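Peer 1: What follows is a structure written as C-alpha cells; I'll ask about it next.
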Amino acid sequence: MTIFLPARTPDVRSRMTTAYAEACTRFLQQLVSTPSPPGQEANLARRVVQEMQRLGFRDVHIDQVGNVIGWLGPQTGPILLVDTHLDTPFVGNPASWEMDPFGGVIEGDRLWGLGSADAKGPLAAMIYGLGMLAPHAETLPGRILVIAVVQEIPAEGLALRASLEALGIHPDWALIAKPTEMRLVRGHRGRMEIRLSTFGRSAHAAMPEQGENALYAAARLVFGIELLGMSLMSDPVLGSGSIAITRFTSHSNARNAIPDRCDMIIDRRVTLGETASRVLAELDALIQREGVRAEAHIARYQQNTHTGYKLAADAYYPAWVLSEDHPLLQQAVASLDRSLGHKPEVGIWRFSSDGVYTMGLAGIPTIGFGPGRCQLSHAPNEFISLSHLHRSIPLYADLARDLLYGLLRK
C-alpha cells in the first residue's frame, strides 16, 4: 500500500513545550492520587472531564455508563476511537509498596504510584497529545472520539461496548492507550473466567468415612489443571493459551464438618482457534477422567458502575490480532518511524484490553500504543518513566493526525 503522511503544522508541534510536559506530569500526579478501583471511578472521571474541557475537547461529559467521552474534529465524518481506562486494581498489601501508592512521588525519571503505567500514564499522555490538535481539530478529515472507560480491569470491553451502543456509532478504527513501552501492539490473547465446583456430602469430621470430601475431589482436579496447562493450543503470533487457578474456596457448615462443595475460579487465557466450548470441553474431559462430581461453567460478571448503570455479561473475552499488512498498522508504523526517527517494534500484549470488543467482537481494526512497562501492570511499586511519558505526548498527536489523513486519502 502507499503510505501518505501529511505535513505537520508548526503551530501544533510548537505546543510541546517544557511547560506543557510539566503540566501533563502534574495532571498525572493528580490522577495517581485519586483512588479509582472498579466501581469507584467517579472522582477521577470528573477530574478527567475538567482537563479535557480545559485542553479544548468538545462535548465532554460522563455518560450514563460512567465513562468519560469527548470529541475532536468536525461534527461528521469517519471516526478514530482512542480508548483507555480509568480504573486500577485495589492496592492489596500496602506493606509491599516502597512508595505511597497514591503519592505520585517523583524520584529522578520515575513517577511512582498505582496506575501510573496502567493506565493513568497513557491516559494523561493521550489527553495532552490529542489536546495539541484541538486548536486545528475542525480541519481534520475525520473525527476523534475519546472514551476513558470504567471497570476495564474486571470486564474489559464491557463498558466500552455499552457506551458505543448508546451512542449508536461504530468507529472505523481504534487506538488503545495502554503501556506498550513505546511499541505498537496488534493483538493479544483472549480471556475466560471459569467457575469450577466440586460436590461432596457433609459429615462429622470425626467420621470422615460417612461423608464425601469435596476438597479431596478438588485436589485431584487441581493437579490435572496444572498438567492441562502444558498441552494447550498455540498460535504463531499470540503464543499458547494458559490456565491458572486464582481462587479456591471450600464450604462446610462447621470447622469439624466435611466440606460438601469447593469452588475454584480459573483464569483461562485463550489463543486464536480456542473457543469457549473447546475450553469447557477440556475441563469436562478432566472431570470425567478423574471420576469426581463436578461442573464447570463460564462465570457471570455483574456489577453496577459509579452512576448506577448495571454491567452484566458472561466473562468471555475473545482473542484478536490485526494482520501485519493491514493499512491501519502500516500507517501507524510509518507515522512513528517519522516521529521517532526509527521504525517502532510491533508486538502483542501479554494482558487483555478493550480490544476484545473493538477487534474481537465488533471487527474494528485496532492497534495499541503507550508509554510505560507492561510488566509493572497490577504490581506493587508501579512507576512510569517521565521521559517516555513526555516523549509519547506528541506521538499521540502525530498518530491520530497521520492515521486520519493517511487512511482517508483518496
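Every chain in the C-alpha cells has a letter given in the order shown (A, B, ...), and although residue numbers restart at 1 in each chain, ligands are simply numbered from 1 in the order shown.
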Under the rule of at most 9 Å, produce a per-residue listing of range 173-230 of chain A near range 311-315 of chain A: chain, number, name, the closest pair of atoms, and the distance in Å, as a tab-separated table, using only C-alpha atoms.
Peer 2:
```
residue	atom	partner	partner_atom	distance
A:Arg191	CA	A:Ala315	CA	7.9
A:Met192	CA	A:Ala315	CA	5.7
A:Glu193	CA	A:Ala315	CA	5.4
A:Ile194	CA	A:Ala315	CA	7.8
```
Peer 1: With C-alpha atoms retained, could you export that selection as a PDB file, in the first residue's frame?
Peer 2:
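And here's out.pdb as it stands now:
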```
ATOM      1  CA  ARG A 191      -9.642 -14.447  28.443  1.00  0.00           C
ATOM      2  CA  MET A 192     -12.267 -16.596  30.116  1.00  0.00           C
ATOM      3  CA  GLU A 193     -13.191 -16.613  33.785  1.00  0.00           C
ATOM      4  CA  ILE A 194     -14.456 -20.056  34.732  1.00  0.00           C
TER       5      ILE A 194
END
```
Peer 1: Select from range 142-300 of chain A everything DSSP, run on the backbone, classes as alpha helix (DSSP H), then give the selection as number ranges by chain.
Peer 2: A: 158-167, 214-228, 276-290
Peer 1: Could you dump the residues just selected with C-alpha atoms as a PDB file, in the first residue's frame?
Peer 2:
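As a result, selection34.pdb now contains:
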```pdb
ATOM      1  CA  LEU A 158     -17.988  -4.304  28.504  1.00  0.00           C
ATOM      2  CA  ALA A 159     -18.266  -0.628  29.464  1.00  0.00           C
ATOM      3  CA  LEU A 160     -16.901   0.477  26.096  1.00  0.00           C
ATOM      4  CA  ARG A 161     -19.481  -1.603  24.268  1.00  0.00           C
ATOM      5  CA  ALA A 162     -22.286  -0.114  26.365  1.00  0.00           C
ATOM      6  CA  SER A 163     -21.234   3.455  25.515  1.00  0.00           C
ATOM      7  CA  LEU A 164     -20.767   2.828  21.792  1.00  0.00           C
ATOM      8  CA  GLU A 165     -24.151   1.116  21.563  1.00  0.00           C
ATOM      9  CA  ALA A 166     -25.786   4.006  23.435  1.00  0.00           C
ATOM     10  CA  LEU A 167     -24.159   6.461  21.013  1.00  0.00           C
ATOM     11  CA  ALA A 214     -15.358 -32.181  48.046  1.00  0.00           C
ATOM     12  CA  LEU A 215     -11.926 -30.820  48.896  1.00  0.00           C
ATOM     13  CA  TYR A 216     -10.228 -34.111  48.013  1.00  0.00           C
ATOM     14  CA  ALA A 217     -12.059 -34.168  44.685  1.00  0.00           C
ATOM     15  CA  ALA A 218     -10.917 -30.620  44.021  1.00  0.00           C
ATOM     16  CA  ALA A 219      -7.312 -31.556  44.827  1.00  0.00           C
ATOM     17  CA  ARG A 220      -7.370 -34.178  42.095  1.00  0.00           C
ATOM     18  CA  LEU A 221      -8.614 -31.615  39.600  1.00  0.00           C
ATOM     19  CA  VAL A 222      -6.007 -29.048  40.664  1.00  0.00           C
ATOM     20  CA  PHE A 223      -3.218 -31.412  39.663  1.00  0.00           C
ATOM     21  CA  GLY A 224      -4.987 -32.210  36.401  1.00  0.00           C
ATOM     22  CA  ILE A 225      -5.405 -28.497  35.608  1.00  0.00           C
ATOM     23  CA  GLU A 226      -1.688 -27.962  36.111  1.00  0.00           C
ATOM     24  CA  LEU A 227      -0.937 -30.746  33.610  1.00  0.00           C
ATOM     25  CA  LEU A 228      -3.578 -29.401  31.201  1.00  0.00           C
ATOM     26  CA  ALA A 276     -15.381 -21.229  24.825  1.00  0.00           C
ATOM     27  CA  SER A 277     -16.922 -24.608  24.010  1.00  0.00           C
ATOM     28  CA  ARG A 278     -13.479 -26.160  23.471  1.00  0.00           C
ATOM     29  CA  VAL A 279     -12.200 -24.814  26.795  1.00  0.00           C
ATOM     30  CA  LEU A 280     -15.202 -26.155  28.716  1.00  0.00           C
ATOM     31  CA  ALA A 281     -14.950 -29.495  26.897  1.00  0.00           C
ATOM     32  CA  GLU A 282     -11.321 -29.855  28.053  1.00  0.00           C
ATOM     33  CA  LEU A 283     -12.387 -29.338  31.668  1.00  0.00           C
ATOM     34  CA  ASP A 284     -15.340 -31.702  31.300  1.00  0.00           C
ATOM     35  CA  ALA A 285     -12.964 -34.379  29.965  1.00  0.00           C
ATOM     36  CA  LEU A 286     -10.711 -33.863  33.006  1.00  0.00           C
ATOM     37  CA  ILE A 287     -13.678 -34.195  35.360  1.00  0.00           C
ATOM     38  CA  GLN A 288     -14.749 -37.437  33.668  1.00  0.00           C
ATOM     39  CA  ARG A 289     -11.220 -38.816  33.728  1.00  0.00           C
ATOM     40  CA  GLU A 290     -10.840 -38.153  37.462  1.00  0.00           C
TER      41      GLU A 290
END
```
Peer 1: To one decimal in Å, tell me the separation between CA of Gly103 in chain A and CA of Val91 in chain A.
Peer 2: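 The value is 12.6 Å.
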Peer 1: If we count only C-alpha atoms, what is near Met359 in chain A at a cut-off of 10 Å, once residues fewer than 5 positions away on the same chain are taken out, given as a list in words?
Peer 2: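 Contacts, in chain order: Trp173, Ala174, Arg186, Gly187, Pro318, Ala319, Trp320, Val321, Leu322, Asp354, Ile364, Pro365, Thr366 and Ile367 of chain A.
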Peer 1: Once you count only C-alpha atoms, what closest atom pair and distance in Å to one decimal does each residue of range 81-189 of chain A within 10 Å of range 37-44 of chain A have, with rows by chain and rising residue number, as a Markdown table?
Peer 2:
```
| residue | atom | partner | partner_atom | distance |
| --- | --- | --- | --- | --- |
| A:His85 | CA | A:Glu41 | CA | 9.9 |
| A:Leu86 | CA | A:Glu41 | CA | 6.6 |
| A:Asp87 | CA | A:Pro37 | CA | 5.1 |
| A:Thr88 | CA | A:Pro37 | CA | 5.0 |
| A:Pro89 | CA | A:Pro37 | CA | 5.6 |
| A:Phe90 | CA | A:Pro37 | CA | 5.7 |
| A:Val91 | CA | A:Pro37 | CA | 8.8 |
| A:Gly115 | CA | A:Pro37 | CA | 9.9 |
| A:Val149 | CA | A:Glu41 | CA | 9.3 |
| A:Val150 | CA | A:Pro38 | CA | 6.7 |
| A:Gln151 | CA | A:Pro38 | CA | 4.8 |
| A:Glu152 | CA | A:Pro38 | CA | 7.8 |
| A:Ile153 | CA | A:Pro38 | CA | 7.4 |
| A:Pro154 | CA | A:Pro38 | CA | 7.5 |
| A:Ala155 | CA | A:Pro38 | CA | 9.6 |
```
Peer 1: Using DSSP assignments from the backbone, pull out every residue in range 86-193 of chain A that falls under strand (DSSP E or B) and give it to me as a PyMOL selection string.
Peer 2: chain A and resi 106-107+110-112+143-149+173-176+184-188+190-193
Peer 1: Which residues are close to range 175-178 of chain A, i.e. within 6 Å by only C-alpha atoms, leaving aside same-chain residues fewer than 5 positions away? Reply as a list in words.
Peer 2: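 In the requested form, the answer reads Val82, Asp83, Thr84, Ala119, Pro122, Thr366, Ile367, Gly368, Phe369 and Gly370 of chain A.
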Peer 1: Name the residues in contact with Ile245 in chain A at a cut-off of 7 Å, using only C-alpha atoms, excluding same-chain residues fewer than 4 positions from it; report them as a VMD selection string.
Peer 2: chain A and resid 264 to 267
Peer 1: Write a file of the selected residues as a PDB file, in the first residue's frame, keeping N, CA and C atoms.
Peer 2:
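Below is the file selection-v3.pdb, written as the result:
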```pdb
ATOM      1  N   MET A 264     -13.630 -23.176  42.606  1.00  0.00           N
ATOM      2  CA  MET A 264     -12.388 -22.628  42.076  1.00  0.00           C
ATOM      3  C   MET A 264     -12.719 -21.583  41.024  1.00  0.00           C
ATOM      4  N   ILE A 265     -11.977 -20.489  41.005  1.00  0.00           N
ATOM      5  CA  ILE A 265     -12.023 -19.532  39.910  1.00  0.00           C
ATOM      6  C   ILE A 265     -10.784 -19.767  39.061  1.00  0.00           C
ATOM      7  N   ILE A 266     -10.996 -19.938  37.764  1.00  0.00           N
ATOM      8  CA  ILE A 266      -9.914 -20.237  36.837  1.00  0.00           C
ATOM      9  C   ILE A 266      -9.784 -19.099  35.839  1.00  0.00           C
ATOM     10  N   ASP A 267      -8.572 -18.588  35.714  1.00  0.00           N
ATOM     11  CA  ASP A 267      -8.263 -17.610  34.673  1.00  0.00           C
ATOM     12  C   ASP A 267      -7.703 -18.380  33.484  1.00  0.00           C
TER      13      ASP A 267
END
```
Peer 1: From the options A:Asn93, A:Gln303, A:Ser197, A:Thr180, which residue's atoms come nearest to Pro344 in chain A, counting only C-alpha atoms?
Peer 2: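 So, comparing all the options, the nearest one is A:Thr180.
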Peer 1: Please indicate the distance in Å from CA of Met132 in chain A to CA of Leu114 in chain A, rounded to one decimal place.
Peer 2: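 For CA of Met132 in chain A relative to CA of Leu114 in chain A, the distance reads 26.7 Å.
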Peer 1: Near Gln30 in chain A, within 9 Å and counting only C-alpha atoms, which residues show up once chain neighbours fewer than 4 positions away are dropped, as a ChimeraX atom specification?
Peer 2: /A:25-26,34,44,47,103-104
Peer 1: CA of Leu399 in chain A and CA of Val49 in chain A are how many Å apart?
Peer 2: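 It comes out at 22.4 Å.
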Peer 1: Choose the residue, out of A:Arg338, A:Pro327, A:Arg373, A:Glu345, that has the smallest atom-to-atom separation from Ala7 in chain A; count only C-alpha atoms.
Peer 2: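 Selected residue with least distance to Ala7 in chain A: A:Arg338.
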Peer 1: When you count only C-alpha atoms, which of these residues is closest to His297 in chain A: A:Leu196, A:Gln64, A:Gln29, A:Ser250?
Peer 2: A:Leu196
Peer 1: As a list in words, please: the residues near range 139-142 of chain A (cut-off 10 Å, only C-alpha atoms, same-chain neighbours under 4 positions excluded).
Peer 2: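 Here the answer would be Leu72, Gly73, Pro74, Gln75, Thr76, Gly77, Pro78, Ile79, Leu80, Leu133, Ala134, Pro135, Ala400, Arg401, Leu403, Leu404, Tyr405, Gly406, Leu407, Leu408 and Arg409 of chain A.
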